[in-house]
$ cat start-v4.txt   # compact mmCIF, N, CA and C atoms
# COMPACT_ATOMS: atom_id res chain seq x y z
N MET Q 21 0.86 -1.17 0.00
CA MET Q 21 0.00 0.00 0.00
C MET Q 21 0.91 1.24 0.00
N ASN Q 22 0.61 2.16 -0.88
CA ASN Q 22 1.42 3.38 -0.90
C ASN Q 22 0.81 4.44 0.01
N ILE Q 23 1.49 5.55 0.15
CA ILE Q 23 1.06 6.60 1.07
C ILE Q 23 -0.31 7.17 0.69
N LYS Q 24 -0.56 7.31 -0.62
CA LYS Q 24 -1.86 7.81 -1.08
C LYS Q 24 -2.98 6.89 -0.60
N HIS Q 25 -2.79 5.58 -0.77
CA HIS Q 25 -3.82 4.63 -0.35
C HIS Q 25 -3.97 4.61 1.17
N PHE Q 26 -2.86 4.78 1.87
CA PHE Q 26 -2.91 4.85 3.34
C PHE Q 26 -3.83 5.99 3.78
N PHE Q 27 -3.65 7.17 3.20
CA PHE Q 27 -4.47 8.32 3.58
C PHE Q 27 -5.92 8.16 3.13
N GLN Q 28 -6.12 7.56 1.97
CA GLN Q 28 -7.49 7.32 1.52
C GLN Q 28 -8.22 6.43 2.52
N ARG Q 29 -7.55 5.37 2.99
CA ARG Q 29 -8.18 4.48 3.97
C ARG Q 29 -8.46 5.21 5.27
N ALA Q 30 -7.53 6.05 5.70
CA ALA Q 30 -7.69 6.79 6.95
C ALA Q 30 -8.85 7.78 6.86
N ILE Q 31 -8.99 8.43 5.72
CA ILE Q 31 -10.01 9.48 5.57
C ILE Q 31 -11.39 8.92 5.24
N ARG Q 32 -11.45 7.99 4.28
CA ARG Q 32 -12.77 7.54 3.84
C ARG Q 32 -13.06 6.07 4.13
N GLY Q 33 -12.11 5.36 4.72
CA GLY Q 33 -12.36 3.97 5.12
C GLY Q 33 -12.04 2.94 4.06
N TYR Q 34 -11.66 3.34 2.89
CA TYR Q 34 -11.27 2.46 1.79
C TYR Q 34 -10.35 3.25 0.86
N ASP Q 35 -9.64 2.53 0.02
CA ASP Q 35 -8.79 3.21 -0.95
C ASP Q 35 -9.16 2.77 -2.36
N ASP Q 36 -8.54 3.41 -3.32
CA ASP Q 36 -8.88 3.16 -4.72
C ASP Q 36 -8.63 1.72 -5.16
N THR Q 37 -7.76 1.00 -4.48
CA THR Q 37 -7.49 -0.38 -4.88
C THR Q 37 -8.71 -1.27 -4.68
N LEU Q 38 -9.63 -0.86 -3.85
CA LEU Q 38 -10.86 -1.61 -3.63
C LEU Q 38 -11.58 -1.87 -4.95
N PHE Q 39 -11.55 -0.91 -5.84
CA PHE Q 39 -12.31 -1.01 -7.08
C PHE Q 39 -11.64 -1.90 -8.13
N TRP Q 40 -10.45 -2.38 -7.85
CA TRP Q 40 -9.77 -3.30 -8.75
C TRP Q 40 -10.25 -4.73 -8.52
N GLY Q 41 -10.91 -4.96 -7.41
CA GLY Q 41 -11.40 -6.30 -7.08
C GLY Q 41 -12.37 -6.25 -5.93
N MET Q 42 -13.43 -5.49 -6.10
CA MET Q 42 -14.40 -5.31 -5.03
C MET Q 42 -14.99 -6.64 -4.59
N ASP Q 43 -15.19 -7.55 -5.53
CA ASP Q 43 -15.75 -8.86 -5.19
C ASP Q 43 -14.84 -9.61 -4.23
N GLU Q 44 -13.55 -9.60 -4.51
CA GLU Q 44 -12.61 -10.30 -3.65
C GLU Q 44 -12.40 -9.57 -2.32
N TYR Q 45 -12.60 -8.26 -2.30
CA TYR Q 45 -12.48 -7.47 -1.08
C TYR Q 45 -13.68 -7.73 -0.16
N LEU Q 46 -14.87 -7.75 -0.73
CA LEU Q 46 -16.09 -7.88 0.07
C LEU Q 46 -16.40 -9.30 0.51
N ALA Q 47 -16.02 -10.29 -0.28
CA ALA Q 47 -16.38 -11.69 0.03
C ALA Q 47 -15.98 -12.11 1.44
N PRO Q 48 -14.72 -11.88 1.88
CA PRO Q 48 -14.36 -12.30 3.24
C PRO Q 48 -15.13 -11.55 4.33
N ILE Q 49 -15.45 -10.29 4.07
CA ILE Q 49 -16.20 -9.50 5.05
C ILE Q 49 -17.62 -10.04 5.17
N ILE Q 50 -18.26 -10.29 4.03
CA ILE Q 50 -19.62 -10.82 4.03
C ILE Q 50 -19.64 -12.23 4.63
N LEU Q 51 -18.64 -13.04 4.27
CA LEU Q 51 -18.56 -14.39 4.81
C LEU Q 51 -18.47 -14.38 6.33
N ALA Q 52 -17.61 -13.53 6.86
CA ALA Q 52 -17.47 -13.43 8.32
C ALA Q 52 -18.78 -12.99 8.97
N GLY Q 53 -19.46 -12.04 8.33
CA GLY Q 53 -20.74 -11.57 8.86
C GLY Q 53 -21.80 -12.65 8.85
N LEU Q 54 -21.86 -13.41 7.76
CA LEU Q 54 -22.85 -14.49 7.67
C LEU Q 54 -22.58 -15.58 8.70
N LYS Q 55 -21.31 -15.92 8.89
CA LYS Q 55 -20.96 -16.94 9.88
C LYS Q 55 -21.33 -16.47 11.28
N ASN Q 56 -21.05 -15.20 11.55
CA ASN Q 56 -21.40 -14.64 12.86
C ASN Q 56 -22.90 -14.62 13.05
N LEU Q 57 -23.64 -14.25 12.02
CA LEU Q 57 -25.10 -14.24 12.10
C LEU Q 57 -25.63 -15.63 12.42
N LYS Q 58 -25.10 -16.64 11.73
CA LYS Q 58 -25.56 -18.01 11.95
C LYS Q 58 -25.28 -18.45 13.39
N GLU Q 59 -24.11 -18.12 13.89
CA GLU Q 59 -23.72 -18.54 15.24
C GLU Q 59 -24.47 -17.78 16.33
N ASN Q 60 -24.83 -16.53 16.07
CA ASN Q 60 -25.37 -15.67 17.13
C ASN Q 60 -26.78 -15.16 16.86
N GLN Q 61 -27.48 -15.78 15.94
CA GLN Q 61 -28.81 -15.29 15.61
C GLN Q 61 -29.77 -15.46 16.78
N SER Q 62 -30.62 -14.46 16.93
CA SER Q 62 -31.61 -14.51 18.01
C SER Q 62 -33.01 -14.74 17.46
N GLY Q 63 -33.08 -15.09 16.21
CA GLY Q 63 -34.37 -15.33 15.58
C GLY Q 63 -34.19 -15.57 14.11
N HIS Q 64 -35.28 -15.53 13.40
CA HIS Q 64 -35.24 -15.73 11.96
C HIS Q 64 -36.36 -14.91 11.34
N PRO Q 65 -36.28 -14.62 10.06
CA PRO Q 65 -37.37 -13.88 9.42
C PRO Q 65 -38.70 -14.64 9.55
N ALA Q 66 -39.76 -13.92 9.72
CA ALA Q 66 -41.08 -14.52 9.95
C ALA Q 66 -41.54 -15.38 8.79
N CYS Q 67 -41.02 -15.12 7.61
CA CYS Q 67 -41.46 -15.88 6.43
C CYS Q 67 -40.80 -17.25 6.33
N TYR Q 68 -39.87 -17.57 7.23
CA TYR Q 68 -39.17 -18.85 7.21
C TYR Q 68 -39.27 -19.54 8.57
N THR Q 69 -39.18 -20.85 8.56
CA THR Q 69 -38.99 -21.57 9.81
C THR Q 69 -37.51 -21.44 10.18
N GLU Q 70 -37.17 -21.81 11.39
CA GLU Q 70 -35.76 -21.77 11.80
C GLU Q 70 -34.91 -22.67 10.92
N GLU Q 71 -35.44 -23.83 10.58
CA GLU Q 71 -34.69 -24.77 9.74
C GLU Q 71 -34.49 -24.22 8.33
N GLU Q 72 -35.52 -23.59 7.78
CA GLU Q 72 -35.40 -22.99 6.45
C GLU Q 72 -34.35 -21.87 6.45
N TRP Q 73 -34.38 -21.04 7.49
CA TRP Q 73 -33.44 -19.93 7.58
C TRP Q 73 -32.00 -20.45 7.72
N ASP Q 74 -31.81 -21.46 8.56
CA ASP Q 74 -30.48 -22.06 8.70
C ASP Q 74 -29.98 -22.61 7.37
N TYR Q 75 -30.86 -23.26 6.62
CA TYR Q 75 -30.50 -23.80 5.31
C TYR Q 75 -30.08 -22.67 4.37
N LYS Q 76 -30.82 -21.59 4.35
CA LYS Q 76 -30.50 -20.46 3.47
C LYS Q 76 -29.18 -19.81 3.88
N LEU Q 77 -28.98 -19.66 5.18
CA LEU Q 77 -27.70 -19.11 5.65
C LEU Q 77 -26.54 -20.02 5.24
N ASP Q 78 -26.74 -21.33 5.38
CA ASP Q 78 -25.70 -22.28 4.97
C ASP Q 78 -25.36 -22.15 3.49
N LYS Q 79 -26.37 -21.97 2.66
CA LYS Q 79 -26.16 -21.82 1.22
C LYS Q 79 -25.40 -20.52 0.91
N MET Q 80 -25.75 -19.45 1.61
CA MET Q 80 -25.05 -18.18 1.42
C MET Q 80 -23.59 -18.30 1.87
N ILE Q 81 -23.38 -18.92 3.03
CA ILE Q 81 -22.02 -19.12 3.55
C ILE Q 81 -21.21 -19.97 2.59
N GLU Q 82 -21.79 -21.03 2.07
CA GLU Q 82 -21.09 -21.89 1.13
C GLU Q 82 -20.65 -21.11 -0.12
N ALA Q 83 -21.52 -20.25 -0.62
CA ALA Q 83 -21.20 -19.46 -1.81
C ALA Q 83 -20.04 -18.51 -1.54
N PHE Q 84 -20.12 -17.77 -0.44
CA PHE Q 84 -19.06 -16.81 -0.15
C PHE Q 84 -17.76 -17.50 0.24
N GLN Q 85 -17.85 -18.69 0.82
CA GLN Q 85 -16.64 -19.46 1.11
C GLN Q 85 -15.95 -19.87 -0.18
N LEU Q 86 -16.73 -20.30 -1.16
CA LEU Q 86 -16.17 -20.65 -2.47
C LEU Q 86 -15.52 -19.44 -3.13
N ILE Q 87 -16.19 -18.31 -3.07
CA ILE Q 87 -15.63 -17.09 -3.67
C ILE Q 87 -14.30 -16.75 -2.99
N GLU Q 88 -14.26 -16.86 -1.67
CA GLU Q 88 -13.02 -16.55 -0.96
C GLU Q 88 -11.93 -17.58 -1.28
N ASP Q 89 -12.28 -18.85 -1.32
CA ASP Q 89 -11.29 -19.91 -1.55
C ASP Q 89 -10.79 -19.94 -2.98
N ILE Q 90 -11.70 -19.81 -3.93
CA ILE Q 90 -11.34 -19.96 -5.34
C ILE Q 90 -11.10 -18.62 -6.00
N GLY Q 91 -11.81 -17.62 -5.55
CA GLY Q 91 -11.76 -16.32 -6.20
C GLY Q 91 -12.78 -16.28 -7.32
N THR Q 92 -12.64 -15.32 -8.16
CA THR Q 92 -13.58 -15.18 -9.27
C THR Q 92 -12.87 -15.49 -10.59
N THR Q 93 -11.99 -16.46 -10.53
CA THR Q 93 -11.22 -16.85 -11.71
C THR Q 93 -11.99 -17.87 -12.53
N LYS Q 94 -11.37 -18.37 -13.57
CA LYS Q 94 -12.00 -19.37 -14.44
C LYS Q 94 -12.43 -20.60 -13.67
N GLU Q 95 -11.66 -20.95 -12.63
CA GLU Q 95 -12.00 -22.14 -11.85
C GLU Q 95 -13.40 -22.04 -11.27
N LEU Q 96 -13.82 -20.85 -10.97
CA LEU Q 96 -15.15 -20.64 -10.40
C LEU Q 96 -16.24 -20.97 -11.42
N LEU Q 97 -15.88 -20.90 -12.67
CA LEU Q 97 -16.87 -21.15 -13.71
C LEU Q 97 -17.17 -22.63 -13.90
N ASP Q 98 -16.48 -23.50 -13.18
CA ASP Q 98 -16.82 -24.91 -13.15
C ASP Q 98 -18.31 -25.02 -12.85
N ALA Q 99 -19.00 -25.87 -13.55
CA ALA Q 99 -20.46 -25.94 -13.48
C ALA Q 99 -20.99 -26.10 -12.07
N GLU Q 100 -20.41 -26.99 -11.30
CA GLU Q 100 -20.90 -27.24 -9.94
C GLU Q 100 -20.68 -26.02 -9.04
N ASN Q 101 -19.47 -25.47 -9.06
CA ASN Q 101 -19.17 -24.29 -8.24
C ASN Q 101 -20.02 -23.10 -8.67
N ASN Q 102 -20.16 -22.92 -9.96
CA ASN Q 102 -20.95 -21.81 -10.47
C ASN Q 102 -22.39 -21.89 -9.99
N LYS Q 103 -22.96 -23.09 -9.98
CA LYS Q 103 -24.33 -23.28 -9.51
C LYS Q 103 -24.45 -22.92 -8.03
N VAL Q 104 -23.51 -23.37 -7.23
CA VAL Q 104 -23.52 -23.10 -5.79
C VAL Q 104 -23.41 -21.60 -5.53
N VAL Q 105 -22.49 -20.94 -6.23
CA VAL Q 105 -22.29 -19.51 -6.04
C VAL Q 105 -23.51 -18.72 -6.49
N LYS Q 106 -24.06 -19.05 -7.64
CA LYS Q 106 -25.25 -18.33 -8.12
C LYS Q 106 -26.42 -18.48 -7.16
N GLU Q 107 -26.61 -19.69 -6.65
CA GLU Q 107 -27.71 -19.92 -5.70
C GLU Q 107 -27.49 -19.11 -4.42
N GLY Q 108 -26.28 -19.16 -3.89
CA GLY Q 108 -25.99 -18.42 -2.65
C GLY Q 108 -26.10 -16.92 -2.82
N LEU Q 109 -25.62 -16.40 -3.94
CA LEU Q 109 -25.73 -14.96 -4.19
C LEU Q 109 -27.18 -14.54 -4.37
N ALA Q 110 -27.98 -15.38 -5.03
CA ALA Q 110 -29.40 -15.07 -5.20
C ALA Q 110 -30.10 -15.03 -3.84
N LEU Q 111 -29.77 -15.98 -2.97
CA LEU Q 111 -30.35 -15.99 -1.62
C LEU Q 111 -29.90 -14.77 -0.82
N PHE Q 112 -28.64 -14.38 -0.99
CA PHE Q 112 -28.11 -13.21 -0.30
C PHE Q 112 -28.89 -11.97 -0.73
N ALA Q 113 -29.08 -11.80 -2.03
CA ALA Q 113 -29.83 -10.64 -2.54
C ALA Q 113 -31.29 -10.69 -2.08
N GLU Q 114 -31.89 -11.85 -2.17
CA GLU Q 114 -33.30 -12.02 -1.80
C GLU Q 114 -33.54 -11.73 -0.32
N ASN Q 115 -32.55 -12.03 0.51
CA ASN Q 115 -32.73 -11.90 1.96
C ASN Q 115 -31.88 -10.79 2.56
N TYR Q 116 -31.42 -9.88 1.73
CA TYR Q 116 -30.51 -8.82 2.17
C TYR Q 116 -31.05 -8.07 3.38
N PHE Q 117 -32.32 -7.74 3.38
CA PHE Q 117 -32.90 -6.95 4.47
C PHE Q 117 -33.30 -7.80 5.67
N SER Q 118 -32.98 -9.08 5.61
CA SER Q 118 -33.26 -9.98 6.75
C SER Q 118 -32.00 -10.43 7.45
N LEU Q 119 -30.88 -9.83 7.09
CA LEU Q 119 -29.60 -10.22 7.69
C LEU Q 119 -29.37 -9.46 8.98
N TRP Q 120 -30.03 -9.89 10.02
CA TRP Q 120 -29.95 -9.26 11.33
C TRP Q 120 -29.90 -10.34 12.41
N THR Q 121 -29.45 -9.96 13.58
CA THR Q 121 -29.44 -10.91 14.70
C THR Q 121 -30.45 -10.50 15.73
$ encode --input "start-v4.txt" --output "structure tokens"
Amino acid sequence: MNIKHFFQRAIRGYDDTLFWGMDEYLAPIILAGLKNLKENQSGHPACYTEEEWDYKLDKMIEAFQLIEDIGTTKELLDAENNKVVKEGLALFAENYFSLWT
């Protein structure tokens, strides 16, 4: 990190390098948040049972774990991994406003 990026992070909380790979930057943060939510949840959205919500959280965690482990390279385009990631990302988007403890 150069001095410019150091000051950008200090002033605005992120630097310009974030935009070179926002997906790879955000995946570990989201993954950690989802894991924490699963471990410390105090309820679930009213539209799901506890088991359904746990299943959906597991699918989201699996997707972000794959993104963190493999990245967004060609390997991710493997049919099985791609299906898992697409499903998890769709669930993440669908339940974005339900990610609370």
$ residues_around --input "start-v4.txt" --residues "Leu109 of chain Q" --least-positions-apart "6" --cutoff "8 Å" --atoms "only N, CA and C atoms" --output "PyMOL selection string"
chain Q and resi 79-84+103+115
$ select_by_dssp --input "start-v4.txt" --residues "chain Q" --states "alpha helix (DSSP H)" --output "ChimeraX atom specification"
/Q:23-32,42-60,70-90,99-114
$ atom_distance --input "start-v4.txt" --atom1 "atom N of Ile90 of chain Q" --atom2 "atom C of Leu54 of chain Q"
17.2 Å
$ atom_distance --input "start-v4.txt" --atom1 "atom CA of Gln61 of chain Q" --atom2 "atom CA of Leu119 of chain Q"
9.4 Å
$ closest_residue --input "start-v4.txt" --among "Q:Gly33, Q:Gly91, Q:Pro48, Q:Pro65" --to "Ser118 of chain Q" --atoms "all atoms listed in the file"
Q:Pro65
$ closest_residue --input "start-v4.txt" --among "Q:Glu114, Q:Thr37, Q:Val105, Q:Arg32" --to "Leu86 of chain Q" --atoms "only N, CA and C atoms"
Q:Val105
$ closest_residue --input "start-v4.txt" --among "Q:Lys55, Q:Leu111, Q:Ala47, Q:Lys106" --to "Lys76 of chain Q" --atoms "only N, CA and C atoms"
Q:Leu111
$ atom_distance --input "start-v4.txt" --atom1 "atom C of Phe27 of chain Q" --atom2 "atom N of Asp89 of chain Q"
28.1 Å
$ closest_residue --input "start-v4.txt" --among "Q:Leu77, Q:Leu38, Q:Ala30, Q:Ala52" --to "Gly108 of chain Q" --atoms "only C-alpha atoms"
Q:Leu77
$ closest_residue --input "start-v4.txt" --among "Q:Ile31, Q:Lys58, Q:Ala99, Q:Ala110" --to "Asp74 of chain Q" --atoms "all atoms listed in the file"
Q:Lys58
$ axis_aligned_box --input "start-v4.txt" --around "segment 68-76 of chain Q" --padding-each-side "4 Å" --output "lines of an AutoDock Vina configuration file"
center_x = -34.5
center_y = -21.2
center_z = 7.6
size_x = 18.7
size_y = 15.2
size_z = 16.3
